[in-house]
Amino acid sequence: MKGDKLVIQEGHVKAAQHIADLLLPQIMKTQGKFIITIAGESGSGKSEIAATLSEFLSGKGIRCTILQQDDYFVYPPKMNARMRRGNINHVGPSEVRLATLDRDLHDIMVGKSEIDKPLVIFDDDLITKETIKLEGTVVIIVDGTYTTLLKNVHQHIFIDRTYIDTREARRLRAREEQDAFLERILETEHKTISSHRTQADIIVTTDYEARRVGESEEAER
């Protein structure tokens with residue numbers, strides 16, 4: 001999405017390094033493109049970790065392409081925000097063309113050299129299109145709240161930070177007005193997104209440690 005603001009902090013770098021360490025052996029063994037999703041609640045650091053992970057992998061000669069769920073919203077961002085305020089039940093996975101995104105990931109998995117995808121221009125409140133060239137790309141990183149629901153993926157990563165944990169990050173990003181109604185929206189999202197944690201392969205904890213699900217559970221005991 002054009003116009004998005006990233007605020008990369010030490011925790012994002014830490015998580016990205018841990019994720020790279022966990023996934024590198026698997027990436028090196030995989031034939032074709034390797035697809036990763038990074039999911040979590042608003043302000044949890046999805047885009048920041050995705051960008052930093054891409055830098056780490058690129059530094060090892062592994063070219064990455066980042067896809068953002070935000071480009072696949074049904075309505076432009078300002079219109080979608082108005083629809084949410086008009087009806088809180090609008091909030092949820094149905095806001096996003098997840099089937100379209102999954103179809104694009106399938107095309108990538110079967111070796112397509114380019115995809116035509118939607119592109120959101122935030123400042124213009126506009127959805128247009130762009131063509132992404134994939135020649136030379138090894139890893140696809142998909143970030144977004146509901147990306148754990150996608151099927152054509154090798155590894156799902158989930159950031160285990162709630163909307164309460166992310167207030168300061170959301171304030172710094174300043175994408176939305178921080179008011180009582182936004183808290184209602186985030187609480188509604190939380191009820192949906194938190195259930196996706198069990199479908200993840202890797203969990204990023206509140207202190208930005210990244211662990212495979214079994215390891216995370218063992219550490220909590």
# chains A, B, ... in the order shown; residues from 1 in each chain; ligands from 1
>>> residues_around(residues="Thr206 of chain A", least_positions_apart="4", cutoff="8 Å", atoms="only C-alpha atoms", output="list in words")
Ile159, Asp160 and Arg161 of chain A
>>> write_last_selection(atoms="N, CA, C and O atoms", output="compact mmCIF listing (two decimals), in the first residue's frame")
# COMPACT_ATOMS: atom_id res chain seq x y z
N ILE A 159 1.97 -12.70 15.32
CA ILE A 159 2.52 -11.81 16.34
C ILE A 159 1.52 -11.75 17.50
O ILE A 159 0.40 -11.27 17.34
N ASP A 160 1.95 -12.23 18.64
CA ASP A 160 1.04 -12.40 19.78
C ASP A 160 1.00 -11.15 20.66
O ASP A 160 1.32 -11.17 21.85
N ARG A 161 0.61 -10.03 20.04
CA ARG A 161 0.47 -8.76 20.75
C ARG A 161 -0.93 -8.22 20.48
O ARG A 161 -1.35 -8.14 19.32
>>> select_by_dssp(residues="segment 12-162 of chain A", states="helix (DSSP H, G or I)", output="ChimeraX atom specification")
/A:12-29,46-59,69-72,77-86,88-90,93-95,98-109,147-149
>>> residues_around(residues="Ile185 of chain A", least_positions_apart="5", cutoff="12 Å", atoms="only C-alpha atoms", output="number ranges by chain")
A: 41-42, 81-92, 163, 176-180, 190-192
>>> residues_around(residues="segment 16-29 of chain A", least_positions_apart="3", cutoff="8 Å", atoms="only C-alpha atoms", output="list of chain:residue names")
A:His12, A:Val13, A:Phe34, A:Ile49, A:Ala50, A:Thr52, A:Leu53, A:Phe56, A:Leu57, A:Val139, A:Glu209, A:Ala210, A:Arg211
>>> select_by_dssp(residues="segment 9-173 of chain A", states="strand (DSSP E or B)", output="MDAnalysis selection string")
chainID A and resid 34:39 64:68 73 96 114:121 126:133 139:143 155:159
>>> closest_atom_pairs(of="segment 25-64 of chain A", to="segment 69-73 of chain A", cutoff="12 Å", atoms="only C-alpha atoms", output="JSON lines")
{"residue": "A:Thr37", "atom": "CA", "partner": "A:Gln69", "partner_atom": "CA", "distance": 9.8}
{"residue": "A:Ile38", "atom": "CA", "partner": "A:Gln69", "partner_atom": "CA", "distance": 10.0}
{"residue": "A:Ala39", "atom": "CA", "partner": "A:Gln69", "partner_atom": "CA", "distance": 9.6}
{"residue": "A:Gly40", "atom": "CA", "partner": "A:Gln69", "partner_atom": "CA", "distance": 11.7}
{"residue": "A:Ser42", "atom": "CA", "partner": "A:Asp70", "partner_atom": "CA", "distance": 11.4}
{"residue": "A:Lys46", "atom": "CA", "partner": "A:Gln69", "partner_atom": "CA", "distance": 10.5}
{"residue": "A:Ser47", "atom": "CA", "partner": "A:Gln69", "partner_atom": "CA", "distance": 10.1}
>>> closest_residue(among="A:Val213, A:Ile66, A:Leu149, A:Ile36", to="Ile193 of chain A", atoms="only C-alpha atoms")
A:Leu149
>>> atom_distance(atom1="atom CA of Arg197 of chain A", atom2="atom CA of Gly214 of chain A")
12.5 Å
>>> closest_residue(among="A:Leu67, A:Val138, A:Leu6, A:Ile157", to="Thr205 of chain A", atoms="only C-alpha atoms")
A:Ile157
>>> closest_residue(among="A:Ile121, A:Ile140, A:Ile127, A:Val96", to="Ser58 of chain A", atoms="only C-alpha atoms")
A:Ile140
>>> closest_residue(among="A:Leu182, A:Ile62, A:Ile115, A:Leu150", to="Arg97 of chain A", atoms="only C-alpha atoms")
A:Leu150
>>> closest_residue(among="A:Lys60, A:Arg184, A:Lys78, A:Lys151", to="Asp102 of chain A", atoms="only C-alpha atoms")
A:Lys151
>>> atom_distance(atom1="atom CA of Ile202 of chain A", atom2="atom CA of Lys112 of chain A")
27.1 Å
